[in-house]
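Trainee: Input structure: final-v2.cif, which contains mmCIF, C-alpha atoms.
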data_run
#
loop_
_atom_site.group_PDB
_atom_site.id
_atom_site.type_symbol
_atom_site.label_atom_id
_atom_site.label_comp_id
_atom_site.auth_asym_id
_atom_site.auth_seq_id
_atom_site.Cartn_x
_atom_site.Cartn_y
_atom_site.Cartn_z
ATOM 1 C CA MET Z 1 13.709 -4.403 11.224
ATOM 2 C CA ARG Z 2 10.769 -4.762 13.538
ATOM 3 C CA ILE Z 3 8.716 -2.090 11.850
ATOM 4 C CA LEU Z 4 8.773 -4.030 8.612
ATOM 5 C CA VAL Z 5 7.769 -7.200 10.407
ATOM 6 C CA ALA Z 6 4.854 -5.285 11.889
ATOM 7 C CA LEU Z 7 3.856 -4.127 8.410
ATOM 8 C CA LEU Z 8 3.753 -7.741 7.152
ATOM 9 C CA GLY Z 9 6.199 -9.420 4.768
ATOM 10 C CA LEU Z 10 7.237 -7.854 1.524
ATOM 11 C CA TRP Z 11 6.621 -10.862 -0.666
ATOM 12 C CA LEU Z 12 3.313 -12.553 -1.354
ATOM 13 C CA ALA Z 13 2.988 -15.926 -3.096
ATOM 14 C CA VAL Z 14 0.848 -16.394 -6.188
ATOM 15 C CA GLY Z 15 -1.092 -19.633 -6.559
ATOM 16 C CA LYS Z 16 -3.483 -21.210 -9.044
ATOM 17 C CA ALA Z 17 -7.156 -20.508 -9.544
ATOM 18 C CA LYS Z 18 -9.783 -22.942 -8.357
ATOM 19 C CA GLN Z 19 -13.420 -21.897 -7.929
ATOM 20 C CA PRO Z 20 -14.831 -18.454 -8.748
ATOM 21 C CA ILE Z 21 -16.964 -16.435 -6.368
ATOM 22 C CA ASP Z 22 -20.743 -16.928 -6.535
ATOM 23 C CA GLY Z 23 -22.860 -14.163 -8.060
ATOM 24 C CA ALA Z 24 -22.110 -11.322 -10.423
ATOM 25 C CA SER Z 25 -18.991 -9.180 -10.078
ATOM 26 C CA ALA Z 26 -19.100 -5.409 -9.753
ATOM 27 C CA PHE Z 27 -18.105 -5.186 -13.419
ATOM 28 C CA GLU Z 28 -20.980 -7.431 -14.453
ATOM 29 C CA LYS Z 29 -23.465 -5.531 -12.289
ATOM 30 C CA THR Z 30 -22.521 -2.197 -13.828
ATOM 31 C CA GLY Z 31 -22.127 -3.553 -17.348
ATOM 32 C CA THR Z 32 -18.617 -2.135 -17.641
ATOM 33 C CA THR Z 33 -15.255 -3.758 -18.294
ATOM 34 C CA PRO Z 34 -11.731 -2.365 -18.181
ATOM 35 C CA LEU Z 35 -10.396 -5.223 -20.292
ATOM 36 C CA PRO Z 36 -8.432 -3.953 -23.283
ATOM 37 C CA ALA Z 37 -8.987 -4.850 -26.916
ATOM 38 C CA LEU Z 38 -5.578 -5.297 -28.519
ATOM 39 C CA PRO Z 39 -5.320 -6.343 -32.175
ATOM 40 C CA GLY Z 40 -4.543 -10.057 -32.463
ATOM 41 C CA PHE Z 41 -5.403 -10.889 -28.824
ATOM 42 C CA ARG Z 42 -8.490 -12.795 -27.716
ATOM 43 C CA VAL Z 43 -9.798 -13.980 -24.351
ATOM 44 C CA VAL Z 44 -9.081 -17.670 -23.762
ATOM 45 C CA GLN Z 45 -9.875 -17.906 -20.050
ATOM 46 C CA GLY Z 46 -12.181 -15.873 -17.814
ATOM 47 C CA PRO Z 47 -13.075 -13.329 -16.728
ATOM 48 C CA THR Z 48 -13.168 -15.203 -13.417
ATOM 49 C CA THR Z 49 -14.000 -13.406 -10.173
ATOM 50 C CA TYR Z 50 -12.809 -14.022 -6.607
ATOM 51 C CA GLY Z 51 -13.923 -12.342 -3.400
ATOM 52 C CA PRO Z 52 -12.643 -12.047 0.178
ATOM 53 C CA ASP Z 53 -13.965 -15.509 1.084
ATOM 54 C CA ASN Z 54 -12.031 -17.425 -1.570
ATOM 55 C CA LEU Z 55 -9.126 -15.214 -2.642
ATOM 56 C CA PHE Z 56 -6.788 -17.692 -0.912
ATOM 57 C CA GLU Z 57 -7.653 -20.175 -3.640
ATOM 58 C CA TYR Z 58 -5.972 -17.942 -6.195
ATOM 59 C CA ILE Z 59 -3.067 -16.550 -4.168
ATOM 60 C CA ASP Z 60 -2.561 -19.200 -1.521
ATOM 61 C CA GLY Z 61 -0.390 -17.757 1.254
ATOM 62 C CA GLY Z 62 -0.822 -14.140 0.180
ATOM 63 C CA ALA Z 63 -4.527 -13.480 0.669
ATOM 64 C CA ASP Z 64 -4.249 -12.250 4.269
ATOM 65 C CA ALA Z 65 -2.249 -9.181 3.248
ATOM 66 C CA PHE Z 66 -4.786 -8.284 0.569
ATOM 67 C CA LEU Z 67 -7.630 -8.665 3.069
ATOM 68 C CA LEU Z 68 -5.774 -6.388 5.491
ATOM 69 C CA PHE Z 69 -5.928 -3.726 2.779
ATOM 70 C CA GLU Z 70 -9.694 -4.247 2.479
ATOM 71 C CA PHE Z 71 -9.711 -6.229 -0.752
ATOM 72 C CA GLU Z 72 -13.180 -6.491 -2.292
ATOM 73 C CA GLU Z 73 -12.892 -8.312 -5.599
ATOM 74 C CA LEU Z 74 -10.443 -9.848 -8.082
ATOM 75 C CA GLN Z 75 -11.180 -10.318 -11.764
ATOM 76 C CA THR Z 76 -8.656 -12.436 -13.662
ATOM 77 C CA THR Z 77 -8.602 -12.900 -17.448
ATOM 78 C CA THR Z 78 -6.124 -14.572 -19.807
ATOM 79 C CA PHE Z 79 -5.527 -13.424 -23.390
ATOM 80 C CA LEU Z 80 -3.794 -15.270 -26.237
ATOM 81 C CA GLY Z 81 -2.098 -13.316 -28.998
ATOM 82 C CA PRO Z 82 0.226 -13.636 -31.981
ATOM 83 C CA GLN Z 83 2.966 -16.285 -31.774
ATOM 84 C CA GLN Z 84 1.168 -17.824 -28.760
ATOM 85 C CA VAL Z 85 1.989 -14.900 -26.504
ATOM 86 C CA GLU Z 86 -0.220 -15.266 -23.400
ATOM 87 C CA VAL Z 87 -1.085 -12.397 -21.051
ATOM 88 C CA THR Z 88 -2.946 -12.765 -17.756
ATOM 89 C CA VAL Z 89 -4.594 -9.648 -16.336
ATOM 90 C CA ASP Z 90 -5.443 -9.574 -12.616
ATOM 91 C CA LEU Z 91 -7.548 -6.631 -11.406
ATOM 92 C CA TYR Z 92 -7.621 -6.377 -7.602
ATOM 93 C CA ARG Z 93 -10.270 -3.921 -6.424
ATOM 94 C CA HIS Z 94 -9.911 -2.505 -2.910
ATOM 95 C CA LYS Z 95 -12.100 -0.325 -0.713
ATOM 96 C CA ASP Z 96 -10.427 2.897 -1.827
ATOM 97 C CA ALA Z 97 -7.397 4.340 -3.584
ATOM 98 C CA ASP Z 98 -5.291 4.490 -0.400
ATOM 99 C CA ARG Z 99 -5.804 0.765 0.214
ATOM 100 C CA ALA Z 100 -4.940 -0.110 -3.385
ATOM 101 C CA TYR Z 101 -1.757 1.946 -3.251
ATOM 102 C CA GLY Z 102 -0.910 0.411 0.121
ATOM 103 C CA ILE Z 103 -0.901 -3.179 -1.130
ATOM 104 C CA TYR Z 104 1.001 -2.073 -4.250
ATOM 105 C CA ALA Z 105 3.680 -0.416 -2.090
ATOM 106 C CA LEU Z 106 3.847 -3.484 0.141
ATOM 107 C CA GLU Z 107 4.655 -5.755 -2.802
ATOM 108 C CA ARG Z 108 6.945 -3.317 -4.626
ATOM 109 C CA PRO Z 109 10.541 -4.596 -4.364
ATOM 110 C CA PRO Z 110 13.208 -2.265 -2.932
ATOM 111 C CA GLY Z 111 15.001 -0.311 -5.622
ATOM 112 C CA ALA Z 112 12.337 -0.930 -8.262
ATOM 113 C CA THR Z 113 12.491 1.547 -11.145
ATOM 114 C CA PRO Z 114 9.099 3.255 -11.485
ATOM 115 C CA ILE Z 115 7.232 3.439 -14.773
ATOM 116 C CA ALA Z 116 4.627 6.037 -15.677
ATOM 117 C CA VAL Z 117 1.367 4.110 -15.696
ATOM 118 C CA GLY Z 118 -1.491 4.811 -13.301
ATOM 119 C CA VAL Z 119 -0.199 6.211 -10.024
ATOM 120 C CA GLU Z 120 3.032 4.308 -10.529
ATOM 121 C CA GLY Z 121 4.157 0.912 -11.729
ATOM 122 C CA TYR Z 122 7.194 -1.310 -12.065
ATOM 123 C CA ALA Z 123 8.039 -4.147 -14.410
ATOM 124 C CA GLY Z 124 10.332 -7.090 -15.076
ATOM 125 C CA GLY Z 125 10.939 -9.205 -18.152
ATOM 126 C CA ASP Z 126 7.586 -10.990 -17.938
ATOM 127 C CA TYR Z 127 5.464 -8.955 -15.521
ATOM 128 C CA LEU Z 128 4.137 -5.457 -14.888
ATOM 129 C CA GLN Z 129 2.276 -4.185 -11.807
ATOM 130 C CA PHE Z 130 0.713 -0.810 -11.060
ATOM 131 C CA ALA Z 131 -1.849 1.005 -8.919
ATOM 132 C CA ILE Z 132 -4.611 3.277 -10.151
ATOM 133 C CA GLY Z 133 -7.684 4.496 -8.303
ATOM 134 C CA SER Z 134 -8.989 1.690 -6.095
ATOM 135 C CA PHE Z 135 -7.277 -0.987 -8.236
ATOM 136 C CA TYR Z 136 -4.019 -2.867 -7.986
ATOM 137 C CA VAL Z 137 -3.295 -4.390 -11.404
ATOM 138 C CA LYS Z 138 -0.960 -7.309 -12.150
ATOM 139 C CA LEU Z 139 0.015 -8.427 -15.647
ATOM 140 C CA VAL Z 140 2.000 -11.575 -16.437
ATOM 141 C CA GLN Z 141 3.251 -12.620 -19.878
ATOM 142 C CA SER Z 142 4.280 -16.097 -21.007
ATOM 143 C CA GLY Z 143 5.362 -17.615 -24.307
ATOM 144 C CA PRO Z 144 7.684 -15.911 -26.808
ATOM 145 C CA LYS Z 145 8.951 -12.536 -25.662
ATOM 146 C CA ALA Z 146 7.101 -9.655 -27.279
ATOM 147 C CA ASP Z 147 8.444 -6.243 -26.363
ATOM 148 C CA PHE Z 148 6.003 -3.618 -25.055
ATOM 149 C CA VAL Z 149 2.988 -5.977 -24.992
ATOM 150 C CA LEU Z 150 2.497 -5.624 -21.242
ATOM 151 C CA ARG Z 151 3.003 -1.861 -21.395
ATOM 152 C CA ARG Z 152 0.295 -1.552 -24.087
ATOM 153 C CA PHE Z 153 -2.065 -3.684 -22.023
ATOM 154 C CA ALA Z 154 -1.328 -1.630 -18.900
ATOM 155 C CA GLU Z 155 -1.884 1.739 -20.565
ATOM 156 C CA LYS Z 156 -5.212 0.689 -22.055
ATOM 157 C CA ILE Z 157 -6.401 -0.759 -18.737
ATOM 158 C CA ALA Z 158 -5.374 2.398 -16.880
ATOM 159 C CA ASP Z 159 -7.303 4.553 -19.365
ATOM 160 C CA LYS Z 160 -10.434 2.448 -18.919
ATOM 161 C CA LEU Z 161 -10.241 2.173 -15.126
ATOM 162 C CA GLY Z 162 -9.637 5.861 -14.512
ATOM 163 C CA GLY Z 163 -9.612 6.986 -10.887
ATOM 164 C CA ARG Z 164 -6.912 8.713 -8.874
ATOM 165 C CA LYS Z 165 -3.487 8.835 -10.498
ATOM 166 C CA SER Z 166 -1.544 10.238 -7.563
ATOM 167 C CA ALA Z 167 -0.110 8.698 -4.401
ATOM 168 C CA PRO Z 168 -1.915 9.275 -1.069
ATOM 169 C CA ALA Z 169 -1.672 12.969 -0.205
ATOM 170 C CA VAL Z 170 -0.213 12.292 3.252
ATOM 171 C CA LEU Z 171 2.995 11.033 1.638
ATOM 172 C CA GLY Z 172 3.672 14.593 0.499
ATOM 173 C CA ALA Z 173 4.025 15.649 4.140
ATOM 174 C CA PHE Z 174 7.206 13.607 4.666
ATOM 175 C CA PRO Z 175 10.378 15.725 4.370
ATOM 176 C CA GLU Z 176 12.614 15.074 1.381
ATOM 177 C CA LYS Z 177 15.943 15.359 3.177
ATOM 178 C CA GLY Z 178 17.344 11.895 3.832
ATOM 179 C CA LYS Z 179 14.251 10.098 2.558
ATOM 180 C CA VAL Z 180 14.834 6.756 0.865
ATOM 181 C CA LEU Z 181 12.857 6.968 -2.367
ATOM 182 C CA ARG Z 182 9.805 4.715 -2.631
ATOM 183 C CA SER Z 183 10.386 3.252 0.838
ATOM 184 C CA GLU Z 184 6.909 4.072 2.158
ATOM 185 C CA LYS Z 185 4.909 1.257 3.764
ATOM 186 C CA MET Z 186 1.287 1.524 4.826
ATOM 187 C CA ALA Z 187 -0.720 -0.470 7.360
ATOM 188 C CA PRO Z 188 -4.496 -0.069 7.756
ATOM 189 C CA SER Z 189 -4.340 -1.800 11.156
ATOM 190 C CA ASN Z 190 -1.862 -3.140 13.724
ATOM 191 C CA PHE Z 191 0.627 -0.455 12.806
ATOM 192 C CA LEU Z 192 3.997 -0.813 14.591
ATOM 193 C CA GLY Z 193 2.629 -4.077 15.975
ATOM 194 C CA HIS Z 194 -0.032 -2.333 18.109
ATOM 195 C CA SER Z 195 -3.696 -3.211 17.607
ATOM 196 C CA PHE Z 196 -4.882 0.302 18.528
ATOM 197 C CA PHE Z 197 -2.872 2.018 15.771
ATOM 198 C CA HIS Z 198 -4.714 2.191 12.452
ATOM 199 C CA ASP Z 199 -4.023 3.917 9.138
ATOM 200 C CA GLY Z 200 -0.282 4.187 9.667
ATOM 201 C CA ILE Z 201 2.461 5.039 7.175
ATOM 202 C CA SER Z 202 6.213 4.741 7.648
ATOM 203 C CA VAL Z 203 9.045 6.073 5.479
ATOM 204 C CA HIS Z 204 12.694 5.059 5.739
ATOM 205 C CA TYR Z 205 15.385 7.737 6.207
ATOM 206 C CA GLN Z 206 19.162 7.491 5.955
ATOM 207 C CA ILE Z 207 21.117 10.597 6.859
ATOM 208 C CA ASP Z 208 24.561 11.314 8.339
ATOM 209 C CA GLY Z 209 25.138 7.626 9.087
ATOM 210 C CA ALA Z 210 21.800 7.152 10.888
ATOM 211 C CA SER Z 211 18.989 4.902 9.664
ATOM 212 C CA PHE Z 212 15.491 5.443 11.036
ATOM 213 C CA HIS Z 213 11.808 5.613 10.124
ATOM 214 C CA LEU Z 214 9.449 8.542 10.392
ATOM 215 C CA PHE Z 215 5.814 7.568 10.728
ATOM 216 C CA VAL Z 216 2.335 9.043 10.651
ATOM 217 C CA VAL Z 217 -0.887 7.669 12.117
ATOM 218 C CA ARG Z 218 -4.168 9.189 10.966
ATOM 219 C CA GLY Z 219 -7.018 9.213 13.457
ATOM 220 C CA THR Z 220 -10.623 9.533 12.405
ATOM 221 C CA ASP Z 221 -10.764 12.740 14.463
ATOM 222 C CA SER Z 222 -8.942 14.425 17.369
ATOM 223 C CA SER Z 223 -10.736 12.265 19.965
ATOM 224 C CA ASP Z 224 -9.636 9.080 18.216
ATOM 225 C CA ALA Z 225 -6.056 10.384 18.036
ATOM 226 C CA ARG Z 226 -5.963 11.155 21.774
ATOM 227 C CA LYS Z 227 -7.307 7.699 22.577
ATOM 228 C CA MET Z 228 -4.483 6.158 20.565
ATOM 229 C CA VAL Z 229 -1.951 8.271 22.446
ATOM 230 C CA GLU Z 230 -3.481 7.188 25.759
ATOM 231 C CA ARG Z 231 -3.215 3.517 24.847
ATOM 232 C CA TYR Z 232 0.320 3.966 23.558
ATOM 233 C CA ARG Z 233 1.348 5.654 26.818
ATOM 234 C CA ALA Z 234 -0.148 2.743 28.755
ATOM 235 C CA VAL Z 235 1.793 0.199 26.693
ATOM 236 C CA ALA Z 236 4.963 2.238 27.240
ATOM 237 C CA LYS Z 237 4.221 2.390 31.003
ATOM 238 C CA ALA Z 238 4.428 6.185 30.988
ATOM 239 C CA PRO Z 239 3.347 8.060 34.149
ATOM 240 C CA ALA Z 240 -0.373 8.833 34.252
ATOM 241 C CA ALA Z 241 -1.158 12.218 32.735
ATOM 242 C CA GLU Z 242 -3.919 13.961 30.836
ATOM 243 C CA VAL Z 243 -3.501 13.722 27.061
ATOM 244 C CA LYS Z 244 -4.134 17.152 25.614
ATOM 245 C CA PRO Z 245 -5.255 17.825 22.018
ATOM 246 C CA ALA Z 246 -1.632 18.510 21.059
ATOM 247 C CA GLY Z 247 1.646 17.474 22.604
ATOM 248 C CA SER Z 248 4.915 15.589 22.363
ATOM 249 C CA GLU Z 249 6.581 12.867 24.374
ATOM 250 C CA THR Z 250 9.440 10.370 24.310
ATOM 251 C CA LEU Z 251 8.142 6.873 25.020
ATOM 252 C CA LYS Z 252 9.697 3.433 25.451
ATOM 253 C CA ASP Z 253 8.015 1.134 22.964
ATOM 254 C CA PRO Z 254 8.366 -2.567 23.921
ATOM 255 C CA TYR Z 255 8.973 -3.433 20.257
ATOM 256 C CA HIS Z 256 10.879 -0.445 18.911
ATOM 257 C CA GLY Z 257 12.706 1.106 21.853
ATOM 258 C CA GLU Z 258 12.767 4.888 22.176
ATOM 259 C CA VAL Z 259 10.032 6.617 20.188
ATOM 260 C CA LEU Z 260 9.740 10.346 19.615
ATOM 261 C CA LEU Z 261 5.981 10.913 19.489
ATOM 262 C CA ARG Z 262 4.003 14.034 18.640
ATOM 263 C CA TRP Z 263 0.321 14.654 18.028
ATOM 264 C CA SER Z 264 -2.119 17.389 17.088
ATOM 265 C CA GLY Z 265 -5.738 17.166 15.986
ATOM 266 C CA ARG Z 266 -6.335 13.899 14.146
ATOM 267 C CA TRP Z 267 -2.625 13.251 13.505
ATOM 268 C CA LEU Z 268 0.099 11.361 15.354
ATOM 269 C CA TRP Z 269 3.646 11.349 14.017
ATOM 270 C CA GLY Z 270 7.024 10.263 15.259
ATOM 271 C CA ALA Z 271 10.386 8.581 14.758
ATOM 272 C CA ILE Z 272 11.831 5.212 15.718
ATOM 273 C CA GLU Z 273 15.181 3.410 15.495
ATOM 274 C CA GLN Z 274 18.569 5.117 15.325
ATOM 275 C CA ALA Z 275 18.937 8.541 16.896
ATOM 276 C CA SER Z 276 19.971 11.504 14.778
ATOM 277 C CA PRO Z 277 20.362 15.200 15.628
ATOM 278 C CA LEU Z 278 18.180 15.917 12.588
ATOM 279 C CA ARG Z 279 15.184 13.862 13.702
ATOM 280 C CA PRO Z 280 13.537 16.677 15.727
ATOM 281 C CA GLN Z 281 13.909 19.063 12.784
ATOM 282 C CA LEU Z 282 12.390 16.540 10.385
ATOM 283 C CA LEU Z 283 9.536 15.884 12.806
ATOM 284 C CA ASP Z 284 8.845 19.623 13.033
ATOM 285 C CA GLU Z 285 8.627 19.817 9.260
ATOM 286 C CA LEU Z 286 6.449 16.705 9.062
ATOM 287 C CA GLY Z 287 4.070 18.041 11.732
ATOM 288 C CA GLN Z 288 3.725 21.444 10.098
ATOM 289 C CA ARG Z 289 2.790 19.890 6.784
ATOM 290 C CA LEU Z 290 0.269 17.529 8.375
ATOM 291 C CA ILE Z 291 -1.443 20.292 10.320
ATOM 292 C CA GLN Z 292 -1.515 22.646 7.333
ATOM 293 C CA GLY Z 293 -3.009 19.888 5.195
ATOM 294 C CA GLN Z 294 -5.750 18.842 7.621
#
Show me this structure written as structure tokens.

Mentor:
Amino acid sequence: MRILVALLGLWLAVGKAKQPIDGASAFEKTGTTPLPALPGFRVVQGPTTYGPDNLFEYIDGGADAFLLFEFEELQTTTFLGPQQVEVTVDLYRHKDADRAYGIYALERPPGATPIAVGVEGYAGGDYLQFAIGSFYVKLVQSGPKADFVLRRFAEKIADKLGGRKSAPAVLGAFPEKGKVLRSEKMAPSNFLGHSFFHDGISVHYQIDGASFHLFVVRGTDSSDARKMVERYRAVAKAPAAEVKPAGSETLKDPYHGEVLLRWSGRWLWGAIEQASPLRPQLLDELGQRLIQGQ
């Protein structure tokens, strides 16, 4: 679907480390560390720090997505434990909690079963990933399988990092009816493929045979929101008209076809893709929750 293309790919490659960033990391400057101390485990590599200028050296091919979500610093450390069990801890620090959750949600595979660590996490046989506060944390285990090792690491790291342990509040505005669980995708910029849309969120809905996305765009204020509507109307070649502080319109998006668009105050919200008689009702509910929450 085009919306998902506009929100970047879902999978990011992981590469090998090369050179660390120059200077002290934020952890070193503050004299704090979230690294856990588990009995029998010792640090055998790192901590090594990467910044926006050289993150590509560690995750070649995937750095651009992290930079889009305002990545600030990565600290990577490898531990060795009993029976040669090796655990690598990657701590990605982003500008704020929304950005950290956004990159986590981008990488989260469809249908992943959530685990209760931080805001939320998911795991496989040899990996565990979660978001907490302004951090996106990745753990990878190699060597003999040792049950619950990654979970113990994750829980201790989450306790030390602290920070927000809830998803972005705006997600609570999306109606529950028809919502595909954990389908939210966030884009700090270029939302829906348009350079003027920033801080956008989309959620997938499937209801009565229709499949569509509801979306929200958060302006910095009402003036910013109206400017985005004006630019969107121009792209859609809509007839010239004054954009009032609140309104609704059906536009023809060159990428997504018919778009039901509404706005009020700092918020824009709408629906794209397959039509459904329930879309207007869901948009009403979404709008009411946004306005009440602002």

Trainee: Run the PyMOL selection byres ((chain Z and resi 165-175) around 10) against the file shown and list the residues it catches, as number ranges by chain.

Mentor: Z: 97-99, 101-102, 117-120, 131-133, 158, 162-164, 176-179, 184, 201-203, 205, 214-216, 218, 281-294

Trainee: Can you pull out every residue within 8 Å of region 39-45 of chain Z, counting only C-alpha atoms, but drop anything in the same chain fewer than 2 positions away, and send it as a PDB file with C-alpha atoms, in the coordinates of the input?

Mentor:
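Just written: around-v2.pdb:
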ATOM      1  CA  ALA Z  37      -8.987  -4.850 -26.916  1.00  0.00           C
ATOM      2  CA  PRO Z  47     -13.075 -13.329 -16.728  1.00  0.00           C
ATOM      3  CA  THR Z  48     -13.168 -15.203 -13.417  1.00  0.00           C
ATOM      4  CA  THR Z  77      -8.602 -12.900 -17.448  1.00  0.00           C
ATOM      5  CA  THR Z  78      -6.124 -14.572 -19.807  1.00  0.00           C
ATOM      6  CA  PHE Z  79      -5.527 -13.424 -23.390  1.00  0.00           C
ATOM      7  CA  LEU Z  80      -3.794 -15.270 -26.237  1.00  0.00           C
ATOM      8  CA  GLY Z  81      -2.098 -13.316 -28.998  1.00  0.00           C
ATOM      9  CA  PRO Z  82       0.226 -13.636 -31.981  1.00  0.00           C
TER      10      PRO Z  82
END

Trainee: What gap, in Å, lies between CA of Ala116 (chain Z) and CA of Pro34 (chain Z)?

Mentor: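 About the pair CA of Ala116 (chain Z) and CA of Pro34 (chain Z): they are 18.6 Å apart.
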
Trainee: Which polymer residues have any atom within 9 Å of an atom of Thr113 (chain Z), counting only C-alpha atoms, with same-chain residues fewer than 3 positions away left out, as an mmCIF file with C-alpha atoms, in the coordinates of the input?

Mentor:
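Saved result, out_4.cif, follows:
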data_model
loop_
_atom_site.group_PDB
_atom_site.id
_atom_site.type_symbol
_atom_site.label_atom_id
_atom_site.label_comp_id
_atom_site.auth_asym_id
_atom_site.auth_seq_id
_atom_site.Cartn_x
_atom_site.Cartn_y
_atom_site.Cartn_z
ATOM 1 C CA GLY Z 121 4.157 0.912 -11.729
ATOM 2 C CA TYR Z 122 7.194 -1.310 -12.065
ATOM 3 C CA ALA Z 123 8.039 -4.147 -14.410
#

Trainee: Kindly give the distance, in Å, that separates CA of Asn54 (chain Z) and CA of Arg93 (chain Z), rounded to a single decimal.

Mentor: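 CA of Arg93 (chain Z) lies at a distance of 14.5 Å from CA of Asn54 (chain Z).
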
Trainee: Regenerate region 261-273 of chain Z at the level of N, CA and C atoms and dump it as a PDB file, keeping the file's coordinate frame.

Mentor:
ATOM      1  N   LEU Z 261       7.391  10.859  19.891  1.00  0.00           N
ATOM      2  CA  LEU Z 261       5.981  10.913  19.489  1.00  0.00           C
ATOM      3  C   LEU Z 261       5.441  12.328  19.616  1.00  0.00           C
ATOM      4  N   ARG Z 262       4.673  12.750  18.611  1.00  0.00           N
ATOM      5  CA  ARG Z 262       4.003  14.034  18.640  1.00  0.00           C
ATOM      6  C   ARG Z 262       2.585  13.859  18.114  1.00  0.00           C
ATOM      7  N   TRP Z 263       1.694  14.744  18.508  1.00  0.00           N
ATOM      8  CA  TRP Z 263       0.321  14.654  18.028  1.00  0.00           C
ATOM      9  C   TRP Z 263      -0.344  16.019  18.051  1.00  0.00           C
ATOM     10  N   SER Z 264      -1.321  16.164  17.161  1.00  0.00           N
ATOM     11  CA  SER Z 264      -2.119  17.389  17.088  1.00  0.00           C
ATOM     12  C   SER Z 264      -3.348  17.091  16.237  1.00  0.00           C
ATOM     13  N   GLY Z 265      -4.520  17.450  16.741  1.00  0.00           N
ATOM     14  CA  GLY Z 265      -5.738  17.166  15.986  1.00  0.00           C
ATOM     15  C   GLY Z 265      -5.889  15.687  15.736  1.00  0.00           C
ATOM     16  N   ARG Z 266      -6.127  15.305  14.489  1.00  0.00           N
ATOM     17  CA  ARG Z 266      -6.335  13.899  14.146  1.00  0.00           C
ATOM     18  C   ARG Z 266      -5.023  13.141  13.888  1.00  0.00           C
ATOM     19  N   TRP Z 267      -3.883  13.844  13.929  1.00  0.00           N
ATOM     20  CA  TRP Z 267      -2.625  13.251  13.505  1.00  0.00           C
ATOM     21  C   TRP Z 267      -1.714  12.887  14.670  1.00  0.00           C
ATOM     22  N   LEU Z 268      -1.049  11.734  14.523  1.00  0.00           N
ATOM     23  CA  LEU Z 268       0.099  11.361  15.354  1.00  0.00           C
ATOM     24  C   LEU Z 268       1.278  11.199  14.411  1.00  0.00           C
ATOM     25  N   TRP Z 269       2.465  11.590  14.831  1.00  0.00           N
ATOM     26  CA  TRP Z 269       3.646  11.349  14.017  1.00  0.00           C
ATOM     27  C   TRP Z 269       4.853  11.169  14.937  1.00  0.00           C
ATOM     28  N   GLY Z 270       5.879  10.518  14.403  1.00  0.00           N
ATOM     29  CA  GLY Z 270       7.024  10.263  15.259  1.00  0.00           C
ATOM     30  C   GLY Z 270       8.185   9.630  14.523  1.00  0.00           C
ATOM     31  N   ALA Z 271       9.167   9.172  15.312  1.00  0.00           N
ATOM     32  CA  ALA Z 271      10.386   8.581  14.758  1.00  0.00           C
ATOM     33  C   ALA Z 271      10.806   7.418  15.629  1.00  0.00           C
ATOM     34  N   ILE Z 272      11.315   6.379  15.001  1.00  0.00           N
ATOM     35  CA  ILE Z 272      11.831   5.212  15.718  1.00  0.00           C
ATOM     36  C   ILE Z 272      13.191   4.828  15.132  1.00  0.00           C
ATOM     37  N   GLU Z 273      13.888   3.967  15.862  1.00  0.00           N
ATOM     38  CA  GLU Z 273      15.181   3.410  15.495  1.00  0.00           C
ATOM     39  C   GLU Z 273      16.316   4.379  15.785  1.00  0.00           C
TER      40      GLU Z 273
END
